[in-house]
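One file, target-v3.csv, is given below (CSV, C-alpha atoms).
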chain,number,residue,atom,x,y,z
A,1,MET,CA,-46.3,-84.2,60.0
A,2,GLY,CA,-47.8,-85.1,56.6
A,3,PHE,CA,-51.1,-85.9,58.3
A,4,LEU,CA,-51.1,-82.5,60.1
A,5,VAL,CA,-50.3,-80.6,56.9
A,6,LYS,CA,-53.0,-82.3,54.9
A,7,LYS,CA,-55.6,-81.8,57.7
A,8,PHE,CA,-54.7,-78.1,58.1
A,9,LEU,CA,-54.8,-77.5,54.4
A,10,ARG,CA,-58.1,-79.3,54.0
A,11,LEU,CA,-59.7,-77.3,56.8
A,12,TRP,CA,-58.2,-74.0,55.6
A,13,THR,CA,-59.6,-74.7,52.2
A,14,GLY,CA,-63.0,-75.3,53.8
A,15,ASN,CA,-62.7,-71.9,55.5
A,16,CYS,CA,-61.8,-70.1,52.3
A,17,CYS,CA,-64.8,-71.7,50.5
A,18,LEU,CA,-67.0,-70.6,53.4
A,19,GLY,CA,-65.8,-67.1,53.2
A,20,TYR,CA,-66.3,-67.0,49.5
A,21,ARG,CA,-69.9,-68.2,49.9
A,22,TRP,CA,-70.6,-65.4,52.4
A,23,ARG,CA,-69.0,-62.8,50.2
A,24,ILE,CA,-71.3,-63.6,47.3
A,25,GLY,CA,-74.3,-63.4,49.5
A,26,SER,CA,-75.4,-67.0,49.9
A,27,PHE,CA,-76.5,-68.1,53.4
A,28,PRO,CA,-74.2,-70.6,55.1
A,29,THR,CA,-75.5,-74.1,55.8
A,30,ARG,CA,-75.1,-76.1,59.0
A,31,SER,CA,-72.3,-78.0,57.3
A,32,ASP,CA,-70.6,-74.7,56.4
A,33,LEU,CA,-70.8,-73.5,60.0
A,34,GLN,CA,-69.4,-76.8,61.2
A,35,THR,CA,-66.5,-76.5,58.7
A,36,GLY,CA,-65.8,-73.0,59.9
A,37,TYR,CA,-65.7,-74.1,63.5
A,38,GLU,CA,-63.3,-76.9,62.6
A,39,CYS,CA,-61.2,-74.5,60.7
A,40,PHE,CA,-61.1,-72.1,63.6
A,41,SER,CA,-60.0,-74.9,65.9
A,42,ALA,CA,-57.3,-75.9,63.4
A,43,MET,CA,-56.1,-72.3,63.0
A,44,THR,CA,-55.7,-71.9,66.7
A,45,HIS,CA,-54.0,-75.3,67.4
A,46,LEU,CA,-52.5,-76.9,64.4
A,47,PRO,CA,-50.0,-74.2,63.3
A,48,LEU,CA,-48.2,-74.5,66.7
A,49,ALA,CA,-47.8,-78.2,66.1
A,50,LEU,CA,-46.6,-77.6,62.6
A,51,LEU,CA,-44.1,-74.9,63.7
A,52,ASP,CA,-42.7,-77.4,66.3
A,53,GLU,CA,-42.0,-79.8,63.5
A,54,LEU,CA,-40.6,-77.2,61.2
A,55,LYS,CA,-37.8,-75.9,63.4
A,56,ASP,CA,-35.2,-77.7,61.3
A,57,PRO,CA,-34.3,-76.1,57.9
A,58,ILE,CA,-36.3,-77.3,54.9
A,59,ARG,CA,-33.7,-78.3,52.3
A,60,PHE,CA,-34.0,-79.1,48.6
A,61,LYS,CA,-31.9,-81.3,46.3
A,62,PRO,CA,-30.1,-79.3,43.6
A,63,LEU,CA,-30.6,-82.2,41.1
A,64,GLY,CA,-34.1,-83.4,40.4
A,65,PRO,CA,-35.8,-85.9,38.1
A,66,ASP,CA,-34.8,-83.9,35.0
A,67,VAL,CA,-31.2,-85.2,35.3
A,68,PHE,CA,-32.3,-88.0,33.0
A,69,GLY,CA,-32.3,-85.4,30.1
A,70,ARG,CA,-28.9,-84.4,28.9
A,71,THR,CA,-28.1,-81.0,30.2
A,72,HIS,CA,-24.9,-80.6,28.2
A,73,PRO,CA,-25.5,-81.6,24.6
A,74,GLN,CA,-21.9,-81.8,23.4
A,75,GLU,CA,-22.7,-84.7,21.1
A,76,LEU,CA,-25.2,-82.6,19.2
A,77,LEU,CA,-22.7,-79.8,18.8
A,78,ALA,CA,-20.3,-82.4,17.3
A,79,ALA,CA,-23.0,-83.8,15.0
A,80,ILE,CA,-23.8,-80.4,13.4
A,81,ALA,CA,-21.1,-78.4,11.6
A,82,GLU,CA,-21.5,-74.7,12.4
A,83,ASP,CA,-22.7,-72.5,9.4
A,84,GLY,CA,-24.1,-69.1,10.1
A,85,GLU,CA,-25.6,-68.6,6.6
A,86,PRO,CA,-28.9,-70.4,7.2
A,87,LEU,CA,-29.5,-68.3,10.3
A,88,LEU,CA,-29.7,-65.2,8.1
A,89,ASP,CA,-33.1,-66.5,7.0
A,90,LEU,CA,-34.4,-65.3,10.3
A,91,VAL,CA,-33.5,-61.6,9.8
A,92,ASN,CA,-36.7,-59.6,9.2
A,93,GLN,CA,-38.8,-62.7,9.4
A,94,HIS,CA,-41.9,-63.4,11.4
A,95,VAL,CA,-42.2,-66.9,13.1
A,96,VAL,CA,-45.9,-67.7,12.4
A,97,SER,CA,-45.7,-71.3,11.2
A,98,ILE,CA,-43.0,-74.0,11.2
A,99,GLN,CA,-43.7,-74.5,7.5
A,100,ALA,CA,-41.5,-71.5,6.5
A,101,PHE,CA,-38.3,-73.0,8.0
A,102,ARG,CA,-35.6,-74.8,6.0
A,103,SER,CA,-34.1,-77.9,7.7
A,104,GLN,CA,-30.7,-76.3,7.6
A,105,THR,CA,-31.9,-73.3,9.4
A,106,LEU,CA,-33.5,-75.5,12.1
A,107,LEU,CA,-30.2,-77.5,12.5
A,108,GLN,CA,-28.2,-74.3,13.0
A,109,LEU,CA,-30.7,-73.1,15.5
A,110,PHE,CA,-30.4,-76.4,17.4
A,111,ARG,CA,-26.6,-76.0,17.3
A,112,LEU,CA,-26.7,-72.5,18.7
A,113,ALA,CA,-29.2,-73.6,21.4
A,114,ALA,CA,-26.7,-76.4,22.3
A,115,LYS,CA,-23.9,-73.8,22.6
A,116,TYR,CA,-26.0,-71.8,25.0
A,117,GLU,CA,-27.0,-74.9,27.0
A,118,THR,CA,-23.5,-76.2,27.1
A,119,ASN,CA,-21.9,-73.0,28.3
A,120,PRO,CA,-24.6,-70.6,29.5
A,121,ASP,CA,-22.3,-68.4,31.6
A,122,ARG,CA,-20.3,-67.4,28.5
A,123,TYR,CA,-23.4,-65.8,27.0
A,124,CYS,CA,-25.5,-64.8,30.0
A,125,ARG,CA,-22.7,-63.1,32.0
A,126,HIS,CA,-20.0,-62.1,29.6
A,127,ASN,CA,-21.5,-61.7,26.1
A,128,THR,CA,-25.1,-60.5,26.5
A,129,PRO,CA,-26.1,-60.0,22.8
A,130,LEU,CA,-29.6,-58.6,23.6
A,131,THR,CA,-28.4,-55.7,25.8
A,132,GLY,CA,-30.5,-52.6,24.9
A,133,LYS,CA,-33.3,-54.7,23.3
A,134,ILE,CA,-36.9,-54.9,24.5
A,135,LEU,CA,-39.3,-57.8,24.2
A,136,ILE,CA,-43.1,-57.4,24.2
A,137,ASN,CA,-44.6,-60.5,25.7
A,138,ALA,CA,-48.3,-60.5,24.9
A,139,PHE,CA,-50.1,-63.6,26.3
A,140,TYR,CA,-53.9,-63.6,26.2
A,141,GLU,CA,-54.1,-67.3,27.1
A,142,PRO,CA,-52.9,-69.0,30.3
A,143,SER,CA,-49.2,-70.0,30.1
A,144,THR,CA,-46.4,-71.0,32.4
A,145,ARG,CA,-43.6,-72.5,30.4
A,146,THR,CA,-43.9,-70.6,27.1
A,147,ARG,CA,-44.3,-67.1,28.6
A,148,LEU,CA,-41.7,-67.5,31.3
A,149,SER,CA,-39.2,-69.3,29.0
A,150,PHE,CA,-39.4,-66.5,26.5
A,151,ASP,CA,-39.0,-63.9,29.3
A,152,SER,CA,-36.2,-65.9,30.8
A,153,ALA,CA,-34.4,-66.3,27.5
A,154,TRP,CA,-34.6,-62.6,26.7
A,155,HIS,CA,-33.3,-61.6,30.2
A,156,ARG,CA,-30.5,-64.1,30.2
A,157,LEU,CA,-29.2,-62.5,27.0
A,158,GLY,CA,-29.2,-59.0,28.6
A,159,GLY,CA,-32.5,-57.7,27.3
A,160,ASP,CA,-35.6,-56.1,29.0
A,161,SER,CA,-39.2,-57.1,28.6
A,162,ILE,CA,-42.7,-55.7,28.8
A,163,ASN,CA,-45.4,-58.3,29.7
A,164,ILE,CA,-49.1,-58.1,28.9
A,165,THR,CA,-51.3,-60.9,30.3
A,166,ASP,CA,-54.8,-59.5,30.0
A,167,ARG,CA,-56.4,-58.3,26.7
A,168,SER,CA,-58.8,-56.2,28.7
A,169,THR,CA,-56.0,-53.9,29.9
A,170,THR,CA,-55.1,-53.0,26.3
A,171,GLY,CA,-56.8,-50.8,23.6
A,172,ILE,CA,-58.3,-54.0,22.2
A,173,ALA,CA,-60.9,-53.8,25.0
A,174,LYS,CA,-62.0,-50.4,23.5
A,175,GLY,CA,-62.3,-51.8,20.1
A,176,GLU,CA,-58.8,-51.0,18.8
A,177,SER,CA,-57.9,-53.2,15.8
A,178,LEU,CA,-55.0,-55.7,16.1
A,179,GLU,CA,-53.4,-53.9,13.2
A,180,ASP,CA,-53.3,-50.6,15.1
A,181,VAL,CA,-52.0,-52.3,18.2
A,182,ALA,CA,-49.2,-53.7,16.1
A,183,HIS,CA,-48.4,-50.1,14.8
A,184,MET,CA,-48.0,-49.1,18.5
A,185,PHE,CA,-45.8,-52.1,19.3
A,186,ASN,CA,-43.4,-50.9,16.5
A,187,ASN,CA,-42.6,-47.9,18.7
A,188,TYR,CA,-42.1,-49.8,22.0
A,189,GLY,CA,-40.0,-52.9,21.4
A,190,ASP,CA,-37.7,-54.9,19.2
A,191,CYS,CA,-39.7,-58.2,19.1
A,192,VAL,CA,-43.2,-59.4,19.9
A,193,VAL,CA,-44.2,-62.8,21.3
A,194,LEU,CA,-48.0,-63.4,21.0
A,195,ARG,CA,-50.3,-66.0,22.3
A,196,ASP,CA,-53.9,-65.5,21.3
A,197,GLY,CA,-56.9,-67.9,21.2
A,198,ASN,CA,-57.9,-66.2,17.9
A,199,PRO,CA,-55.9,-68.1,15.2
A,200,HIS,CA,-56.0,-65.1,12.9
A,201,ALA,CA,-54.6,-62.6,15.4
A,202,VAL,CA,-50.9,-63.2,14.7
A,203,TYR,CA,-51.6,-62.8,10.9
A,204,ALA,CA,-53.4,-59.6,11.4
A,205,MET,CA,-50.6,-58.1,13.6
A,206,SER,CA,-47.9,-59.3,11.2
A,207,SER,CA,-49.4,-57.2,8.4
A,208,THR,CA,-48.5,-53.9,10.1
A,209,LEU,CA,-45.5,-54.9,12.3
A,210,ARG,CA,-42.0,-53.6,11.4
A,211,ILE,CA,-40.4,-55.7,14.1
A,212,PRO,CA,-40.6,-59.6,14.2
A,213,ILE,CA,-43.4,-61.4,15.9
A,214,ILE,CA,-43.3,-65.0,17.2
A,215,ASN,CA,-46.4,-67.1,17.3
A,216,ALA,CA,-46.5,-68.6,20.8
A,217,GLY,CA,-49.8,-70.5,20.1
A,218,ASN,CA,-52.8,-69.3,18.0
A,219,GLY,CA,-55.8,-71.3,18.9
A,220,ILE,CA,-55.7,-74.9,17.6
A,221,ASP,CA,-53.5,-73.8,14.6
A,222,GLU,CA,-49.8,-73.9,15.5
A,223,HIS,CA,-47.1,-73.6,18.2
A,224,PRO,CA,-43.9,-73.5,16.1
A,225,THR,CA,-41.4,-72.8,18.9
A,226,GLN,CA,-42.8,-75.7,20.9
A,227,ALA,CA,-42.1,-78.0,18.0
A,228,MET,CA,-38.6,-76.7,17.8
A,229,ALA,CA,-38.0,-77.4,21.4
A,230,ASP,CA,-39.5,-80.9,20.9
A,231,LEU,CA,-37.2,-81.8,18.1
A,232,TYR,CA,-34.2,-80.2,19.8
A,233,THR,CA,-34.9,-82.6,22.7
A,234,ILE,CA,-35.1,-85.6,20.4
A,235,PHE,CA,-31.8,-84.6,18.7
A,236,LYS,CA,-30.1,-84.2,22.0
A,237,TRP,CA,-31.2,-87.7,23.0
A,238,ARG,CA,-30.0,-89.2,19.7
A,239,PRO,CA,-27.6,-86.8,18.0
A,240,SER,CA,-27.1,-89.1,15.1
A,241,LEU,CA,-30.6,-88.1,13.8
A,242,ALA,CA,-29.1,-84.6,13.0
A,243,MET,CA,-26.4,-86.1,10.8
A,244,PRO,CA,-26.5,-85.6,7.0
A,245,SER,CA,-27.0,-89.3,6.6
A,246,VAL,CA,-29.0,-91.3,9.2
A,247,SER,CA,-28.5,-95.1,9.4
A,248,ALA,CA,-31.6,-97.4,9.3
A,249,SER,CA,-30.7,-98.6,12.8
A,250,ASP,CA,-30.9,-95.0,14.2
A,251,ARG,CA,-34.2,-94.0,12.7
A,252,ILE,CA,-37.0,-93.7,15.2
A,253,ARG,CA,-40.5,-94.8,15.7
A,254,ILE,CA,-42.4,-92.1,17.4
A,255,GLY,CA,-45.9,-92.5,18.9
A,256,ILE,CA,-47.9,-89.3,19.2
A,257,VAL,CA,-50.9,-89.6,21.6
A,258,GLY,CA,-53.1,-86.7,20.5
A,259,LEU,CA,-55.2,-85.3,17.7
A,260,PRO,CA,-53.4,-83.5,14.8
A,261,SER,CA,-56.7,-81.7,13.9
A,262,ARG,CA,-57.3,-80.2,17.3
A,263,MET,CA,-53.9,-79.8,19.0
A,264,ARG,CA,-51.5,-77.1,17.9
A,265,THR,CA,-48.5,-78.8,19.5
A,266,VAL,CA,-49.2,-82.0,17.6
A,267,ARG,CA,-49.8,-80.2,14.3
A,268,SER,CA,-46.5,-78.3,14.6
A,269,LEU,CA,-44.6,-81.4,15.7
A,270,LEU,CA,-45.7,-83.3,12.7
A,271,ARG,CA,-44.7,-80.4,10.4
A,272,ILE,CA,-41.3,-80.2,11.8
A,273,LEU,CA,-40.7,-83.9,11.7
A,274,ALA,CA,-41.7,-83.7,8.0
A,275,LYS,CA,-38.6,-81.5,7.5
A,276,PHE,CA,-36.4,-84.5,8.6
A,277,PRO,CA,-38.2,-87.6,7.1
A,278,ALA,CA,-34.9,-89.6,6.9
A,279,ALA,CA,-34.7,-89.5,10.7
A,280,VAL,CA,-38.1,-91.1,11.2
A,281,GLU,CA,-39.0,-94.8,10.5
A,282,GLU,CA,-42.7,-94.4,11.4
A,283,VAL,CA,-45.1,-92.0,13.1
A,284,VAL,CA,-48.0,-93.7,14.9
A,285,ILE,CA,-50.9,-91.4,15.7
A,286,ILE,CA,-52.7,-92.8,18.7
A,287,HIS,CA,-56.2,-91.6,19.6
A,288,ASP,CA,-59.1,-92.6,21.7
A,289,ALA,CA,-61.3,-95.3,20.0
A,290,ASP,CA,-64.4,-93.5,21.3
A,291,LEU,CA,-63.5,-90.3,19.5
A,292,ASN,CA,-66.5,-88.1,18.9
A,293,SER,CA,-67.8,-88.7,15.4
A,294,SER,CA,-67.9,-84.9,14.7
A,295,ILE,CA,-64.1,-84.7,15.2
A,296,SER,CA,-61.7,-86.0,12.7
A,297,VAL,CA,-58.1,-87.2,13.4
A,298,PHE,CA,-56.7,-85.1,10.6
A,299,ASP,CA,-57.8,-81.9,8.9
A,300,PRO,CA,-58.6,-82.1,5.2
A,301,GLU,CA,-55.3,-82.6,3.3
A,302,GLN,CA,-53.2,-82.6,6.5
A,303,LEU,CA,-52.3,-86.3,6.2
A,304,GLU,CA,-51.6,-86.0,2.5
A,305,GLU,CA,-49.2,-83.1,3.1
A,306,LEU,CA,-47.2,-85.1,5.6
A,307,VAL,CA,-47.1,-88.2,3.5
A,308,GLU,CA,-46.0,-86.2,0.5
A,309,ALA,CA,-43.1,-84.8,2.6
A,310,GLY,CA,-41.9,-88.3,3.2
A,311,LEU,CA,-43.4,-89.3,6.6
A,312,ASN,CA,-44.7,-92.9,7.1
A,313,ILE,CA,-47.8,-92.4,9.2
A,314,ARG,CA,-50.1,-95.0,10.8
A,315,VAL,CA,-53.1,-94.5,13.0
A,316,SER,CA,-53.8,-96.7,16.1
A,317,THR,CA,-56.2,-96.7,19.1
A,318,ASP,CA,-54.2,-99.3,21.2
A,319,LEU,CA,-51.5,-97.5,23.2
A,320,HIS,CA,-50.5,-100.6,25.2
A,321,ARG,CA,-49.9,-102.6,22.0
A,322,GLU,CA,-47.8,-99.8,20.5
A,323,ILE,CA,-45.6,-98.9,23.5
A,324,PRO,CA,-43.1,-101.8,23.2
A,325,GLU,CA,-42.0,-100.7,19.7
A,326,LEU,CA,-41.8,-97.0,20.2
A,327,ASP,CA,-38.5,-95.0,20.7
A,328,VAL,CA,-40.3,-91.8,21.5
A,329,ILE,CA,-43.7,-91.3,23.1
A,330,TYR,CA,-45.2,-87.8,22.8
A,331,ILE,CA,-48.4,-87.3,24.7
A,332,ASN,CA,-50.8,-84.4,25.1
A,333,ALA,CA,-54.4,-84.2,26.1
A,334,ILE,CA,-55.3,-80.5,26.0
A,335,SER,CA,-56.5,-78.5,23.1
A,336,TRP,CA,-57.1,-74.7,23.5
A,337,VAL,CA,-60.2,-73.6,21.6
A,338,GLY,CA,-61.1,-69.9,21.9
A,339,ASP,CA,-61.2,-69.0,25.6
A,340,THR,CA,-61.5,-72.5,26.9
A,341,TYR,CA,-60.0,-75.9,26.3
A,342,GLU,CA,-61.0,-79.4,25.3
A,343,VAL,CA,-59.6,-82.7,26.7
A,344,HIS,CA,-59.0,-85.6,24.4
A,345,GLY,CA,-57.6,-89.1,25.0
A,346,GLN,CA,-58.8,-89.5,28.6
A,347,ALA,CA,-58.6,-93.3,28.0
A,348,PHE,CA,-54.8,-93.1,27.9
A,349,ARG,CA,-52.4,-92.9,30.8
A,350,LEU,CA,-48.6,-93.4,30.8
A,351,THR,CA,-47.2,-95.0,34.0
A,352,ARG,CA,-43.8,-96.5,34.9
A,353,GLU,CA,-45.1,-100.0,34.7
A,354,MET,CA,-45.7,-100.0,31.0
A,355,PRO,CA,-43.5,-102.1,28.7
A,356,TYR,CA,-41.2,-99.3,27.3
A,357,LYS,CA,-38.1,-100.0,25.3
A,358,PRO,CA,-35.1,-99.6,27.7
A,359,GLU,CA,-33.9,-96.4,25.9
A,360,ALA,CA,-37.3,-95.0,25.1
A,361,ILE,CA,-38.1,-91.4,26.1
A,362,VAL,CA,-41.4,-89.8,27.0
A,363,LEU,CA,-42.2,-86.2,26.0
A,364,HIS,CA,-45.0,-83.9,26.9
A,365,PRO,CA,-45.5,-80.2,26.2
A,366,LEU,CA,-46.9,-79.7,29.7
A,367,ALA,CA,-48.9,-78.8,31.7
A,368,ARG,CA,-49.8,-82.4,32.4
A,369,GLY,CA,-53.0,-84.0,33.6
A,370,PRO,CA,-53.8,-87.6,34.5
A,371,GLU,CA,-52.5,-88.8,31.1
A,372,LEU,CA,-48.9,-88.6,32.4
A,373,CYS,CA,-48.4,-90.2,35.8
A,374,THR,CA,-45.9,-88.7,38.2
A,375,SER,CA,-44.5,-92.2,38.8
A,376,LEU,CA,-42.5,-91.7,35.6
A,377,ASP,CA,-40.7,-88.7,37.0
A,378,ASP,CA,-37.8,-90.6,38.5
A,379,THR,CA,-37.3,-93.0,35.6
A,380,PRO,CA,-34.8,-92.7,32.7
A,381,HIS,CA,-37.9,-92.3,30.4
A,382,ASN,CA,-38.6,-88.9,31.7
A,383,TRP,CA,-37.3,-86.4,29.2
A,384,TYR,CA,-40.3,-84.0,29.5
A,385,PHE,CA,-38.6,-81.8,32.2
A,386,SER,CA,-35.4,-81.7,30.0
A,387,GLN,CA,-37.7,-80.8,27.1
A,388,ALA,CA,-39.1,-77.8,29.1
A,389,ARG,CA,-35.6,-76.7,30.3
A,390,GLY,CA,-34.1,-76.9,26.8
A,391,ALA,CA,-36.9,-74.7,25.4
A,392,VAL,CA,-35.3,-71.8,27.2
A,393,PHE,CA,-32.0,-72.3,25.3
A,394,LEU,CA,-33.8,-72.9,22.0
A,395,ARG,CA,-35.7,-69.6,22.4
A,396,MET,CA,-32.5,-67.9,23.3
A,397,ALA,CA,-31.0,-69.0,20.0
A,398,LEU,CA,-34.1,-68.0,18.0
A,399,LEU,CA,-34.4,-64.6,19.6
A,400,THR,CA,-30.8,-63.8,19.1
A,401,CYS,CA,-31.1,-64.4,15.3
A,402,MET,CA,-34.4,-62.6,14.9
A,403,VAL,CA,-33.0,-59.3,16.2
A,404,ASN,CA,-29.9,-59.8,14.0
A,405,ARG,CA,-27.4,-60.4,16.8
A,406,ALA,CA,-26.3,-63.8,15.7
A,407,GLU,CA,-22.8,-62.6,14.6
A,408,ARG,CA,-22.0,-62.0,18.3
A,409,VAL,CA,-22.4,-65.6,19.3
A,410,ILE,CA,-21.4,-67.8,16.3
A,411,ASP,CA,-18.0,-68.3,14.9
A,412,VAL,CA,-18.7,-69.1,11.3
A,413,VAL,CA,-20.9,-66.7,9.3
Let me see the file written as structure tokens.
Amino acid sequence: MGFLVKKFLRLWTGNCCLGYRWRIGSFPTRSDLQTGYECFSAMTHLPLALLDELKDPIRFKPLGPDVFGRTHPQELLAAIAEDGEPLLDLVNQHVVSIQAFRSQTLLQLFRLAAKYETNPDRYCRHNTPLTGKILINAFYEPSTRTRLSFDSAWHRLGGDSINITDRSTTGIAKGESLEDVAHMFNNYGDCVVLRDGNPHAVYAMSSTLRIPIINAGNGIDEHPTQAMADLYTIFKWRPSLAMPSVSASDRIRIGIVGLPSRMRTVRSLLRILAKFPAAVEEVVIIHDADLNSSISVFDPEQLEELVEAGLNIRVSTDLHREIPELDVIYINAISWVGDTYEVHGQAFRLTREMPYKPEAIVLHPLARGPELCTSLDDTPHNWYFSQARGAVFLRMALLTCMVNRAERVIDVV
């Protein structure tokens, strides 16, 4: 059956390509015509064979590879004492950079996210704190996880949403300023989530918004809620890192495969780690030895800022040498710049055969490319699917607080 499916899809793809070439006016070649003939033959014969083999139901397994990430983070709940006061910081506040967050506010966000993740039915079915609220989801860059997780988070809590995925369908295409668009958003919703390749867009809109805005990625600058989801995952994996005092044996060595100067996920992750320096033994930045000379690993003063915050940072170009000593491996290869993207670190690829520590975890903001082999999916090192799933609950917690509904879901204010 696998052979038939692959052959049919290959020929069908060939036919689609042929149709596309005809539509744009180019004359088909002899090879095109042969492909079309083969596809016609496939279309008239192969589907019957496929249908014969698909008479039985196609079933799925309710549990997949992400079972290696902890779905129910009770240990993290126990590690963080509930205190609603730090969450009041989020009332009437925009989320533009991770820099503005206190460590205590982040810990309470993680605790609320853990409450949601541990018992989602209580808040999604019986206590829907965002009922009557409207989210404006404006995404002008491609997105699967971030856009859908914000939308999912808002709907799970009882709210409704408006989605904009194409700048050309808005007044911006007519020359309307971002500040004026923000004025209009004030009338239509209760919170805005913005992803824009222009790093200045979120700042321009925040200047005239009277409702909160969340930066969901602004060019190569920052992605604060991704960093929150990343650290939430790490704390679920090792809850002792969230304790007021972290023992030397629990502190982690984290390897980050990526460029802090070009990748917003890496930049924000480093900044959030700097809020918890006692949890980190060492951060190893791993980059390609053949890095273009015009690109620096760090922006000016970026490294100094992190070191001053208490992080111990080292730079390496040898992933295989570093792997055996790392507790957490965070890998990314994509950097969005304007309306396109750059690929960095093509020399690196994580596979299941590498010499990981037995308890080491692998994280990736996704979508992945060749740098993260699917052979890791069914190993205990795979926490990247758990990372994506937990982002929904983290964003549920954040959104609840930003629209001043936290008192409905926490016990101690």
So that I can see what lies close to Pro73 in chain A, please list as an mmCIF file with C-alpha atoms, keeping the file's coordinate frame the residues with an atom at most 8 Å from it, counting only C-alpha atoms and leaving out residues fewer than 4 positions away in the same chain.
data_model
loop_
_atom_site.group_PDB
_atom_site.id
_atom_site.type_symbol
_atom_site.label_atom_id
_atom_site.label_comp_id
_atom_site.auth_asym_id
_atom_site.auth_seq_id
_atom_site.Cartn_x
_atom_site.Cartn_y
_atom_site.Cartn_z
ATOM 1 C CA LEU A 77 -22.700 -79.800 18.800
ATOM 2 C CA ALA A 114 -26.700 -76.400 22.300
ATOM 3 C CA GLU A 117 -27.000 -74.900 27.000
ATOM 4 C CA THR A 118 -23.500 -76.200 27.100
ATOM 5 C CA LYS A 236 -30.100 -84.200 22.000
#
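Candidate residues A:Thr400, A:Thr265, A:Asn215, A:Ser97 were compared for distance to Asp230 in chain A, and the nearest is A:Thr265, using only C-alpha atoms.
With all atoms listed in the file as the atoms that count, the minimum distance from Phe110 in chain A to the choices A:Ile313, A:Leu231, A:Leu209, A:Leu259 is reached by A:Leu231.
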List as a PyMOL selection string the protein and nucleic acid residues near range 127-132 of chain A, meaning an atom at most 12 Å away when all atoms listed in the file are counted, but skip any in the same chain fewer than 2 places from it.
chain A and resi 116+119-125+134-135+153-161+189-191+396-410
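Counting from CA of Gly171 in chain A, the distance to CA of Arg195 in chain A is 16.6 Å.
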Counting all atoms listed in the file, what is within 10 Å of Ser143 in chain A, bar same-chain residues fewer than 2 positions away, as an NGL selection string?
:A and (139-141 or 145-148 or 165 or 195 or 216 or 366-367)
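Residues of protein, DNA and RNA with at least one atom no farther than 10 Å from (-43.7, -90.7, 33.6) are, using all atoms listed in the file, A:Arg349, A:Leu350, A:Thr351, A:Arg352, A:Glu353, A:Met354, A:Ile361, A:Val362, A:Leu363, A:His364, A:Glu371, A:Leu372, A:Cys373, A:Thr374, A:Ser375, A:Leu376, A:Asp377, A:Asp378, A:Thr379, A:Pro380, A:His381, A:Asn382, A:Trp383, A:Tyr384.
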One decimal, in Å: what's the spacing between CA of His223 in chain A and CA of Met184 in chain A?
24.5 Å
Expressed in Å, the length from CA of Ser240 in chain A to CA of Ala81 in chain A is 12.8 Å
The residue from A:Ile98, A:Asp83, A:Leu88, A:Lys133 with the smallest atom-to-atom distance to Glu222 in chain A, counting only C-alpha atoms, is A:Ile98
For range 100-103 of chain A, find every residue with an atom within 10 Å (counting all atoms listed in the file), except residues of its own chain fewer than 6 positions away, and show them as a ChimeraX atom specification.
/A:86-87,89-90,93-94,109,224,242,272-276
Residues of the last selection are to be written out with C-alpha atoms, as a PDB file, keeping the file's coordinate frame.
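The resulting file, selection-v5.pdb, is shown below:
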ATOM      1  CA  PRO A  86     -28.900 -70.400   7.200  1.00  0.00           C
ATOM      2  CA  LEU A  87     -29.500 -68.300  10.300  1.00  0.00           C
ATOM      3  CA  ASP A  89     -33.100 -66.500   7.000  1.00  0.00           C
ATOM      4  CA  LEU A  90     -34.400 -65.300  10.300  1.00  0.00           C
ATOM      5  CA  GLN A  93     -38.800 -62.700   9.400  1.00  0.00           C
ATOM      6  CA  HIS A  94     -41.900 -63.400  11.400  1.00  0.00           C
ATOM      7  CA  LEU A 109     -30.700 -73.100  15.500  1.00  0.00           C
ATOM      8  CA  PRO A 224     -43.900 -73.500  16.100  1.00  0.00           C
ATOM      9  CA  ALA A 242     -29.100 -84.600  13.000  1.00  0.00           C
ATOM     10  CA  ILE A 272     -41.300 -80.200  11.800  1.00  0.00           C
ATOM     11  CA  LEU A 273     -40.700 -83.900  11.700  1.00  0.00           C
ATOM     12  CA  ALA A 274     -41.700 -83.700   8.000  1.00  0.00           C
ATOM     13  CA  LYS A 275     -38.600 -81.500   7.500  1.00  0.00           C
ATOM     14  CA  PHE A 276     -36.400 -84.500   8.600  1.00  0.00           C
TER      15      PHE A 276
END
For Glu308 in chain A, work out the shell of residues within 12 Å, counting only C-alpha atoms and skipping chain neighbours fewer than 4 positions away, then give it as a PyMOL selection string.
chain A and resi 271+274-275+277+301-304+312-313
Of A:Ser316, A:Thr170, A:Ser245, A:Thr225, the one nearest to Gly390 in chain A when counting only C-alpha atoms is A:Thr225
